[in-house]
>>> print(open('my_file08.txt').read())   # compact mmCIF, C-alpha atoms and all ligand atoms
# COMPACT_ATOMS: atom_id res chain seq x y z
CA MET V 1 -8.27 -61.42 39.83
CA THR V 2 -9.84 -59.35 42.61
CA ALA V 3 -8.35 -55.85 42.71
CA PRO V 4 -6.05 -55.28 45.72
CA SER V 5 -8.23 -52.38 46.85
CA ALA V 6 -11.30 -54.64 46.91
CA VAL V 7 -9.39 -57.27 48.89
CA LYS V 8 -8.32 -54.61 51.38
CA ALA V 9 -11.84 -53.23 51.68
CA ALA V 10 -13.19 -56.71 52.30
CA LEU V 11 -10.58 -57.35 54.96
CA THR V 12 -11.42 -54.20 56.88
CA SER V 13 -15.11 -55.06 56.78
CA GLN V 14 -14.60 -58.45 58.42
CA SER V 15 -15.37 -58.80 62.09
CA ILE V 16 -14.33 -61.67 64.32
CA GLU V 17 -16.08 -62.30 67.62
CA THR V 18 -14.02 -63.38 70.61
CA PRO V 19 -15.42 -65.55 73.42
CA SER V 20 -15.46 -64.31 77.01
CA TRP V 21 -14.41 -67.76 78.26
CA ALA V 22 -11.15 -67.65 76.33
CA TYR V 23 -9.92 -64.77 78.52
CA GLY V 24 -10.40 -66.65 81.79
CA ASN V 25 -8.75 -69.72 83.21
CA SER V 26 -10.43 -72.51 81.33
CA GLY V 27 -9.90 -75.31 78.88
CA THR V 28 -9.17 -79.01 79.07
CA ARG V 29 -10.91 -81.62 81.19
CA PHE V 30 -7.71 -82.15 83.14
CA LYS V 31 -5.59 -79.59 84.95
CA VAL V 32 -6.49 -76.00 84.28
CA PHE V 33 -3.24 -74.09 84.69
CA ALA V 34 -4.10 -70.81 86.36
CA GLN V 35 -2.45 -67.77 84.80
CA GLU V 36 -1.71 -64.56 86.61
CA GLY V 37 -3.72 -61.49 85.77
CA VAL V 38 -6.72 -63.27 84.27
CA PRO V 39 -10.07 -61.49 84.52
CA ARG V 40 -12.05 -61.89 87.73
CA THR V 41 -15.30 -60.48 86.39
CA PRO V 42 -17.16 -60.22 83.07
CA ARG V 43 -16.10 -56.56 82.94
CA GLU V 44 -12.45 -57.51 83.16
CA LYS V 45 -12.97 -60.01 80.35
CA LEU V 46 -14.33 -57.13 78.29
CA ASP V 47 -11.28 -55.05 79.21
CA ASP V 48 -9.06 -57.76 77.74
CA ALA V 49 -11.28 -58.16 74.70
CA ALA V 50 -10.94 -54.41 74.14
CA GLN V 51 -7.19 -54.92 73.89
CA VAL V 52 -7.67 -57.53 71.17
CA HIS V 53 -9.89 -55.14 69.25
CA ARG V 54 -7.54 -52.25 69.84
CA TYR V 55 -4.60 -54.02 68.18
CA THR V 56 -6.44 -55.93 65.45
CA GLY V 57 -9.27 -53.50 64.64
CA VAL V 58 -11.54 -56.38 63.65
CA ALA V 59 -12.79 -57.88 66.94
CA PRO V 60 -15.54 -55.52 68.12
CA THR V 61 -17.90 -58.10 69.67
CA VAL V 62 -17.59 -60.50 72.57
CA ALA V 63 -19.68 -63.63 73.11
CA LEU V 64 -20.98 -64.22 76.61
CA HIS V 65 -21.66 -67.49 78.31
CA ILE V 66 -24.43 -67.83 80.87
CA PRO V 67 -23.90 -68.57 83.76
CA TRP V 68 -20.12 -68.07 83.51
CA ASP V 69 -20.77 -64.38 82.83
CA ARG V 70 -23.74 -63.93 85.12
CA VAL V 71 -24.30 -60.32 86.29
CA ASP V 72 -27.21 -58.50 87.89
CA ASP V 73 -27.61 -55.93 85.17
CA TYR V 74 -26.95 -57.02 81.58
CA ALA V 75 -27.90 -53.67 80.09
CA ALA V 76 -25.24 -52.09 82.29
CA LEU V 77 -22.73 -54.70 81.11
CA ALA V 78 -23.61 -53.84 77.51
CA GLY V 79 -23.10 -50.17 78.36
CA TYR V 80 -19.71 -50.98 79.84
CA ALA V 81 -18.81 -52.89 76.67
CA GLU V 82 -19.76 -49.88 74.62
CA ASP V 83 -17.53 -47.65 76.75
CA GLN V 84 -14.66 -49.98 75.80
CA GLY V 85 -15.51 -49.72 72.11
CA LEU V 86 -17.15 -53.15 72.07
CA ARG V 87 -20.56 -54.77 71.75
CA ILE V 88 -21.93 -57.92 73.31
CA GLY V 89 -22.18 -60.66 70.71
CA ALA V 90 -23.79 -64.09 70.89
CA ILE V 91 -25.24 -65.37 74.13
CA ASN V 92 -24.13 -68.96 74.79
CA SER V 93 -26.40 -71.08 76.94
CA ASN V 94 -25.22 -73.73 79.37
CA THR V 95 -27.36 -76.82 79.90
CA PHE V 96 -24.47 -79.11 80.71
CA GLN V 97 -22.98 -78.14 84.07
CA ASP V 98 -25.71 -79.03 86.49
CA ASP V 99 -26.22 -82.34 88.29
CA ASP V 100 -29.78 -82.42 86.97
CA TYR V 101 -28.42 -82.84 83.45
CA ARG V 102 -26.87 -86.28 83.96
CA LEU V 103 -29.26 -87.78 81.38
CA GLY V 104 -29.53 -84.67 79.26
CA SER V 105 -31.23 -81.28 79.35
CA VAL V 106 -33.92 -80.50 76.78
CA CYS V 107 -33.91 -84.18 75.74
CA HIS V 108 -34.00 -85.54 79.29
CA PRO V 109 -36.67 -88.20 79.90
CA ASP V 110 -38.01 -86.22 82.91
CA ALA V 111 -40.23 -83.25 82.04
CA THR V 112 -39.13 -81.34 85.15
CA VAL V 113 -35.53 -81.31 84.01
CA ARG V 114 -36.57 -80.37 80.49
CA ARG V 115 -38.54 -77.43 81.88
CA LYS V 116 -35.53 -76.25 83.88
CA ALA V 117 -33.34 -76.37 80.77
CA LEU V 118 -35.94 -74.55 78.69
CA ASP V 119 -36.33 -71.86 81.34
CA HIS V 120 -32.58 -71.27 81.14
CA LEU V 121 -32.73 -70.92 77.36
CA LEU V 122 -35.61 -68.46 77.64
CA GLU V 123 -33.66 -66.51 80.25
CA CYS V 124 -30.83 -66.30 77.71
CA VAL V 125 -33.22 -64.61 75.28
CA ASP V 126 -34.16 -62.12 78.04
CA ILE V 127 -30.45 -61.41 78.37
CA MET V 128 -30.17 -60.90 74.62
CA ASP V 129 -32.95 -58.33 74.86
CA ALA V 130 -30.96 -56.47 77.52
CA THR V 131 -27.60 -56.66 75.76
CA GLY V 132 -28.92 -56.06 72.27
CA SER V 133 -27.45 -59.38 71.10
CA ARG V 134 -28.64 -60.84 67.85
CA ASP V 135 -27.65 -64.48 68.32
CA LEU V 136 -28.48 -67.22 70.79
CA LYS V 137 -25.95 -70.00 70.39
CA LEU V 138 -27.20 -73.37 71.48
CA TRP V 139 -24.96 -76.33 72.08
CA PHE V 140 -26.49 -79.34 73.78
CA ALA V 141 -24.38 -81.92 75.56
CA ASP V 142 -27.40 -84.22 75.38
CA GLY V 143 -27.02 -87.82 74.32
CA THR V 144 -26.68 -91.33 75.66
CA ASN V 145 -23.76 -93.57 76.58
CA TYR V 146 -25.31 -96.97 76.03
CA PRO V 147 -27.49 -98.51 73.34
CA GLY V 148 -31.04 -98.77 74.64
CA GLN V 149 -30.46 -96.19 77.38
CA ASP V 150 -33.18 -93.96 75.96
CA ASP V 151 -35.31 -93.77 72.85
CA VAL V 152 -33.41 -91.69 70.31
CA ARG V 153 -36.56 -90.71 68.40
CA SER V 154 -38.36 -89.52 71.52
CA ARG V 155 -35.28 -87.49 72.35
CA GLN V 156 -35.59 -85.77 68.95
CA ASP V 157 -39.24 -85.00 69.75
CA ARG V 158 -38.26 -83.44 73.08
CA LEU V 159 -35.51 -81.44 71.41
CA ALA V 160 -37.95 -80.17 68.78
CA GLU V 161 -40.41 -79.14 71.47
CA ALA V 162 -37.79 -77.07 73.31
CA LEU V 163 -36.46 -75.49 70.13
CA ASP V 164 -40.02 -74.55 69.11
CA ALA V 165 -40.52 -72.76 72.43
CA VAL V 166 -37.22 -70.87 72.16
CA TYR V 167 -37.88 -69.97 68.53
CA ALA V 168 -41.30 -68.59 69.43
CA ARG V 169 -39.68 -66.36 72.04
CA LEU V 170 -37.16 -64.76 69.64
CA GLY V 171 -37.56 -61.15 68.60
CA ASP V 172 -37.74 -60.14 64.94
CA ASP V 173 -34.03 -59.42 64.70
CA GLN V 174 -32.84 -62.31 66.80
CA ARG V 175 -31.55 -65.68 65.64
CA LEU V 176 -31.14 -69.11 67.10
CA LEU V 177 -27.86 -70.74 66.08
CA LEU V 178 -27.79 -74.49 66.58
CA GLU V 179 -24.42 -76.12 67.02
CA TYR V 180 -23.67 -79.80 66.38
CA LYS V 181 -20.90 -82.02 67.69
CA PHE V 182 -20.31 -85.61 66.74
CA PHE V 183 -19.56 -86.93 70.23
CA GLU V 184 -18.62 -85.89 73.75
CA PRO V 185 -19.71 -85.78 76.49
CA ALA V 186 -22.09 -88.49 75.25
CA PHE V 187 -20.29 -91.42 73.69
CA TYR V 188 -22.95 -93.63 72.13
CA SER V 189 -25.51 -91.23 70.68
CA THR V 190 -25.57 -87.45 70.61
CA ASP V 191 -28.84 -85.64 70.04
CA VAL V 192 -27.40 -83.03 67.66
CA PRO V 193 -24.41 -84.92 66.26
CA ASP V 194 -24.10 -83.51 62.76
CA TRP V 195 -25.02 -80.73 60.39
CA GLY V 196 -27.86 -82.77 58.91
CA THR V 197 -29.67 -83.04 62.23
CA ALA V 198 -29.04 -79.38 63.01
CA TYR V 199 -30.19 -78.42 59.53
CA ALA V 200 -33.39 -80.49 59.79
CA HIS V 201 -34.35 -78.75 63.03
CA CYS V 202 -33.46 -75.30 61.70
CA LEU V 203 -35.38 -75.87 58.50
CA ARG V 204 -38.48 -76.87 60.44
CA LEU V 205 -38.13 -73.92 62.80
CA GLY V 206 -37.91 -71.23 60.13
CA PRO V 207 -35.70 -68.42 58.84
CA LYS V 208 -34.47 -67.25 62.24
CA ALA V 209 -32.83 -70.62 62.94
CA GLU V 210 -29.44 -71.37 61.42
CA VAL V 211 -26.61 -73.84 61.87
CA VAL V 212 -23.26 -73.12 63.54
CA VAL V 213 -20.20 -74.96 62.31
CA ASP V 214 -17.68 -75.49 65.09
CA THR V 215 -14.55 -76.51 63.21
CA GLY V 216 -13.50 -78.84 66.04
CA HIS V 217 -16.71 -80.86 66.03
CA HIS V 218 -16.12 -83.27 63.17
CA ALA V 219 -14.59 -86.68 62.69
CA PRO V 220 -11.05 -86.68 61.28
CA GLY V 221 -11.04 -86.29 57.52
CA THR V 222 -14.44 -84.61 57.34
CA ASN V 223 -14.66 -82.18 54.43
CA ILE V 224 -15.86 -79.19 56.45
CA GLU V 225 -15.74 -76.79 53.52
CA PHE V 226 -18.28 -78.97 51.72
CA ILE V 227 -20.65 -78.60 54.68
CA VAL V 228 -20.05 -74.85 54.58
CA ALA V 229 -20.80 -74.70 50.87
CA VAL V 230 -24.03 -76.69 51.24
CA LEU V 231 -25.29 -74.71 54.23
CA LEU V 232 -24.55 -71.41 52.52
CA ARG V 233 -26.30 -72.58 49.39
CA GLU V 234 -29.37 -73.37 51.50
CA GLY V 235 -29.16 -70.04 53.36
CA LYS V 236 -28.68 -71.86 56.66
CA LEU V 237 -25.11 -71.06 57.71
CA GLY V 238 -25.46 -68.89 60.80
CA GLY V 239 -21.83 -68.79 61.74
CA PHE V 240 -18.67 -70.47 62.89
CA ASP V 241 -17.10 -71.46 66.13
CA PHE V 242 -13.50 -71.36 64.98
CA ASN V 243 -10.78 -73.38 66.67
CA SER V 244 -8.24 -76.09 65.79
CA ARG V 245 -8.21 -79.76 66.54
CA PHE V 246 -5.61 -82.47 66.27
CA TYR V 247 -7.65 -85.23 67.91
CA ALA V 248 -11.11 -84.37 69.29
CA ASP V 249 -12.63 -81.07 70.40
CA ASP V 250 -9.23 -79.63 71.29
CA ASP V 251 -10.29 -75.94 71.22
CA LEU V 252 -6.78 -74.84 70.18
CA MET V 253 -6.07 -71.67 68.24
CA VAL V 254 -7.85 -71.52 64.90
CA GLY V 255 -5.51 -71.99 61.96
CA ALA V 256 -2.82 -73.55 64.14
CA ALA V 257 -3.43 -77.20 63.29
CA ASP V 258 -4.47 -76.89 59.66
CA PRO V 259 -4.23 -73.46 58.03
CA PHE V 260 -4.97 -75.06 54.65
CA GLN V 261 -8.33 -76.31 55.91
CA LEU V 262 -9.15 -72.85 57.24
CA PHE V 263 -8.29 -71.37 53.85
CA ARG V 264 -10.54 -73.91 52.09
CA ILE V 265 -13.37 -73.05 54.46
CA MET V 266 -12.90 -69.33 53.92
CA TYR V 267 -12.77 -69.85 50.19
CA GLU V 268 -16.23 -71.46 50.28
CA VAL V 269 -17.44 -68.59 52.48
CA VAL V 270 -16.19 -66.04 49.95
CA ARG V 271 -17.49 -68.12 47.04
CA GLY V 272 -20.91 -68.50 48.67
CA GLY V 273 -21.33 -64.81 49.51
CA GLY V 274 -21.13 -65.57 53.22
CA PHE V 275 -18.43 -63.04 53.71
CA THR V 276 -20.78 -60.19 53.01
CA SER V 277 -23.86 -61.67 54.66
CA ASP V 278 -24.78 -62.37 58.26
CA VAL V 279 -22.43 -65.27 58.87
CA ALA V 280 -20.93 -64.79 62.34
CA PHE V 281 -17.20 -65.49 62.60
CA MET V 282 -16.79 -66.48 66.23
CA LEU V 283 -13.87 -68.02 68.05
CA ASP V 284 -14.57 -70.85 70.49
CA GLN V 285 -11.24 -71.60 72.09
CA CYS V 286 -9.49 -72.12 75.39
CA HIS V 287 -5.91 -71.20 76.15
CA ASN V 288 -4.57 -73.40 78.85
CA ILE V 289 -0.79 -73.15 78.50
CA GLU V 290 -0.27 -70.09 76.28
CA PRO V 291 -0.78 -66.41 77.18
CA LYS V 292 -4.45 -65.84 76.52
CA ILE V 293 -4.73 -62.34 75.06
CA GLN V 294 -1.82 -62.91 72.68
CA ALA V 295 -3.31 -66.26 71.66
CA ILE V 296 -6.59 -64.58 70.85
CA ILE V 297 -4.83 -61.88 68.84
CA ARG V 298 -2.93 -64.61 66.97
CA SER V 299 -6.21 -66.43 66.29
CA VAL V 300 -7.83 -63.31 64.88
CA MET V 301 -4.77 -62.83 62.65
CA ASN V 302 -4.97 -66.46 61.51
CA VAL V 303 -8.58 -65.96 60.42
CA GLN V 304 -7.58 -62.76 58.63
CA GLU V 305 -4.75 -64.52 56.81
CA ALA V 306 -6.99 -67.36 55.63
CA THR V 307 -9.59 -64.80 54.55
CA ALA V 308 -7.05 -62.73 52.64
CA LYS V 309 -5.84 -65.82 50.77
CA ALA V 310 -9.42 -66.83 50.00
CA LEU V 311 -10.12 -63.35 48.64
CA LEU V 312 -7.00 -63.58 46.47
CA VAL V 313 -8.16 -66.69 44.61
CA ASP V 314 -8.37 -65.78 40.94
CA ARG V 315 -11.96 -66.90 40.50
CA ASP V 316 -12.07 -66.08 36.78
CA ALA V 317 -9.03 -68.23 36.08
CA LEU V 318 -10.42 -70.93 38.35
CA GLY V 319 -13.74 -70.89 36.52
CA VAL V 320 -12.02 -71.23 33.14
CA ALA V 321 -9.84 -74.10 34.33
CA GLN V 322 -12.83 -75.86 35.87
CA ALA V 323 -14.94 -75.46 32.75
CA GLU V 324 -12.12 -76.86 30.62
CA GLY V 325 -11.70 -79.81 32.91
CA ASP V 326 -8.15 -78.69 33.61
CA VAL V 327 -7.72 -80.56 36.87
CA LEU V 328 -4.16 -79.48 37.59
CA GLY V 329 -4.69 -75.93 36.35
CA ALA V 330 -7.69 -75.44 38.62
CA ASN V 331 -5.87 -76.89 41.58
CA ALA V 332 -2.88 -74.62 40.84
CA VAL V 333 -5.08 -71.51 40.91
CA LEU V 334 -6.27 -72.39 44.39
CA MET V 335 -2.79 -73.31 45.60
CA ASP V 336 -1.31 -70.09 44.21
CA ALA V 337 -3.62 -68.13 46.47
CA PHE V 338 -2.95 -70.36 49.45
CA ASN V 339 0.80 -70.08 48.97
CA THR V 340 0.76 -66.29 48.79
CA ASP V 341 2.36 -64.60 51.76
CA VAL V 342 -0.45 -62.24 52.77
CA ARG V 343 1.26 -60.89 55.87
CA PRO V 344 2.63 -57.77 54.11
CA LEU V 345 -0.85 -57.06 52.71
CA LEU V 346 -2.42 -57.34 56.16
CA ALA V 347 0.30 -55.16 57.67
CA GLU V 348 -0.53 -52.55 55.05
CA VAL V 349 -4.26 -52.82 55.77
CA ARG V 350 -3.58 -52.24 59.47
CA GLU V 351 -1.31 -49.28 58.84
CA GLU V 352 -3.93 -47.72 56.60
CA GLN V 353 -6.33 -47.99 59.54
CA GLY V 354 -3.84 -46.35 61.87
CA LEU V 355 -2.95 -49.61 63.58
CA ALA V 356 0.45 -51.12 64.23
CA PRO V 357 1.44 -53.56 61.48
CA ASP V 358 2.23 -56.30 64.01
CA PRO V 359 -0.60 -56.53 66.58
CA ILE V 360 1.19 -59.02 68.81
CA ALA V 361 4.34 -56.92 69.05
CA ALA V 362 2.23 -53.83 69.72
CA PHE V 363 0.30 -55.60 72.46
CA ARG V 364 3.49 -56.91 74.04
CA ALA V 365 4.97 -53.42 74.04
CA SER V 366 1.84 -51.91 75.60
CA GLY V 367 2.50 -53.16 79.13
CA TRP V 368 -1.11 -54.42 79.51
CA ALA V 369 -0.03 -57.95 80.45
CA GLU V 370 2.25 -56.64 83.21
CA ARG V 371 -0.43 -54.26 84.42
CA ILE V 372 -3.13 -56.89 84.87
CA ARG V 373 -0.67 -59.23 86.52
CA THR V 374 -0.13 -56.75 89.34
CA GLU V 375 -3.64 -55.30 89.46
CA ARG V 376 -5.72 -58.47 89.28
CA VAL V 377 -5.14 -60.87 92.07
CA GLY V 378 -7.21 -64.06 92.41
CA GLY V 379 -8.45 -64.60 88.86
CA GLN V 380 -11.57 -66.69 88.68
CA GLN V 381 -11.77 -70.10 87.17
CA ALA V 382 -15.04 -70.22 85.34
CA GLY V 383 -15.73 -72.30 82.34
CA TRP V 384 -14.46 -75.58 81.01
CA GLY V 385 -12.75 -77.59 83.72
CA ALA V 386 -14.07 -75.24 86.40
C1 LIG V 401 -18.85 -77.34 73.07
O1 LIG V 401 -18.09 -78.28 72.75
C2 LIG V 401 -19.09 -76.25 72.22
O2 LIG V 401 -18.08 -76.04 71.31
C3 LIG V 401 -19.82 -74.98 72.61
O3 LIG V 401 -19.72 -74.00 71.64
C4 LIG V 401 -19.79 -74.43 73.94
O4 LIG V 401 -21.06 -73.98 74.16
C5 LIG V 401 -18.79 -73.31 74.17
O5 LIG V 401 -17.52 -73.82 74.14
C6 LIG V 401 -18.94 -72.59 75.49
O6 LIG V 401 -20.15 -72.11 75.58
ZN ZN V 402 -18.43 -74.41 69.95
ZN ZN V 403 -16.67 -77.56 71.24
>>> encode(input="my_file08.txt", output="structure tokens", more="lines below")
Ligand code: AOS
Ligand code: ZN
Ligand code: ZN
Amino acid sequence: MTAPSAVKAALTSQSIETPSWAYGNSGTRFKVFAQEGVPRTPREKLDDAAQVHRYTGVAPTVALHIPWDRVDDYAALAGYAEDQGLRIGAINSNTFQDDDYRLGSVCHPDATVRRKALDHLLECVDIMDATGSRDLKLWFADGTNYPGQDDVRSRQDRLAEALDAVYARLGDDQRLLLEYKFFEPAFYSTDVPDWGTAYAHCLRLGPKAEVVVDTGHHAPGTNIEFIVAVLLREGKLGGFDFNSRFYADDDLMVGAADPFQLFRIMYEVVRGGGFTSDVAFMLDQCHNIEPKIQAIIRSVMNVQEATAKALLVDRDALGVAQAEGDVLGANAVLMDAFNTDVRPLLAEVREEQGLAPDPIAAFRASGWAERIRTERVGGQQAGWGA
């Protein structure tokens, strides 16, 4: 059994990255319901992210998305983040919202379009240099809608060529994180549809290329924790895009749809040493009908709760039961941890850090939501559905 002090120490060392696009009006392919007081600029997104960090103590970095967060001076933006007690996290590229990308970006049959997409990815690395970001997160919407539309093998060659060029441009301390998604927006074939394809490219590229597991990017019933275990074992798990899904890529709050799955994932992370390595715990969510800052705080808390339960698994007892072939005993050890109410433990951890035990209540009492509602008029709609 892990000592409570070790569990607490592990919990305070965890950091969860929040995405700039979750603070703005975004999400869903249908109606984006505008909320009052949403950020109008990247700086205002950072202001909101600072609130999340202030009340949770574990969300010090913010992922940016280019061009949704385009500014003239990225070093100045990083300086502003620092003034708010934050750092800029992963830079997310966008090769999916331009008319030129109808048939794909880096896999497009036309070399001119491929060049344009590659130039954007290289620009993202320039931005990383300015912000001090470690990770470039690549998600490609590339694929085809109809059998025969394009040659799937040639598309892999084009993808490899672009990834090689980006990889060659990375600095010593920078990483390329390749995300996969089984379908959407392409419906017949997707160029990076699964962890195997992402892994094959990352393996060929080298040690600075790793796979990102977006929890919403799998077919129903997929054993995501198995993928996590395998990638960690191979040293190729770069990080997570956490969110929840009921149907497709729903981008709902992590831990809302299936907290048990999140616990199983976090158990494999703890088991595989990923908790203490460079695995990035990022959120990739949109909040279309719920108050955004509170939803992000809730999401951070959900990750913390799953992590705490994973840390509480009695691994010695589990090992004994597994070695003895005690099927029910082993399962019970895992379920005991999952069924533990870890909220008092997390409240204690927060109080020991000088934080309020209930971050949502503290945020609600702070008056920040009311303040931005009156101060920010005309919030921008940038991002999904924009
Ligand atoms: C798209 O489905 C993905 O989950 C990406 O991670 C995407 O790049 C992100 O949502 C915004 O940049
Ligand atoms: Zn994602
Ligand atoms: Zn997604």
>>> closest_atom_pairs(input="my_file08.txt", of="chain V", to="ligand ZN 403 (chain V)", cutoff="8 Å", atoms="all atoms listed in the file", output="JSON lines")
{"residue": "V:Lys181", "atom": "CA", "partner": "V:ZN403", "partner_atom": "ZN", "distance": 7.1}
{"residue": "V:Asp214", "atom": "CA", "partner": "V:ZN403", "partner_atom": "ZN", "distance": 6.6}
{"residue": "V:Gly216", "atom": "CA", "partner": "V:ZN403", "partner_atom": "ZN", "distance": 6.2}
{"residue": "V:His217", "atom": "CA", "partner": "V:ZN403", "partner_atom": "ZN", "distance": 6.2}
{"residue": "V:Asp241", "atom": "CA", "partner": "V:ZN403", "partner_atom": "ZN", "distance": 8.0}
{"residue": "V:Asp249", "atom": "CA", "partner": "V:ZN403", "partner_atom": "ZN", "distance": 5.4}
{"residue": "V:Asp250", "atom": "CA", "partner": "V:ZN403", "partner_atom": "ZN", "distance": 7.7}
{"residue": "V:Asp251", "atom": "CA", "partner": "V:ZN403", "partner_atom": "ZN", "distance": 6.6}
{"residue": "V:Asp284", "atom": "CA", "partner": "V:ZN403", "partner_atom": "ZN", "distance": 7.1}
>>> residues_near_ligand(input="my_file08.txt", ligand="ligand LIG 401 (chain V)", cutoff="10 Å", atoms="all atoms listed in the file", output="PyMOL selection string")
chain V and resi 19-22+27+63-68+90-96+137-141+178-185+212-217+240-243+248-251+282-286+383-384
>>> closest_residue(input="my_file08.txt", among="V:Val211, V:Ala365, V:Leu118, V:Cys124", to="ligand ZN 402 (chain V)", atoms="only C-alpha atoms and all ligand atoms")
V:Val211
>>> closest_residue(input="my_file08.txt", among="V:Phe281, V:Phe30, V:Tyr74, V:Tyr101", to="ligand ZN 402 (chain V)", atoms="only C-alpha atoms and all ligand atoms")
V:Phe281
>>> closest_residue(input="my_file08.txt", among="V:Val228, V:Leu46, V:Met335, V:Ala9", to="V:Ala310", atoms="all atoms listed in the file")
V:Met335
>>> closest_residue(input="my_file08.txt", among="V:Glu234, V:Met301, V:Leu205, V:Gln149", to="V:Gln14", atoms="all atoms listed in the file")
V:Met301
>>> closest_residue(input="my_file08.txt", among="V:Thr340, V:Ser189, V:Thr41, V:Thr61", to="V:Ala308", atoms="all atoms listed in the file")
V:Thr340
>>> atom_distance(input="my_file08.txt", atom1="atom CA of V:Trp195", atom2="atom CA of V:Glu161")
19.0 Å
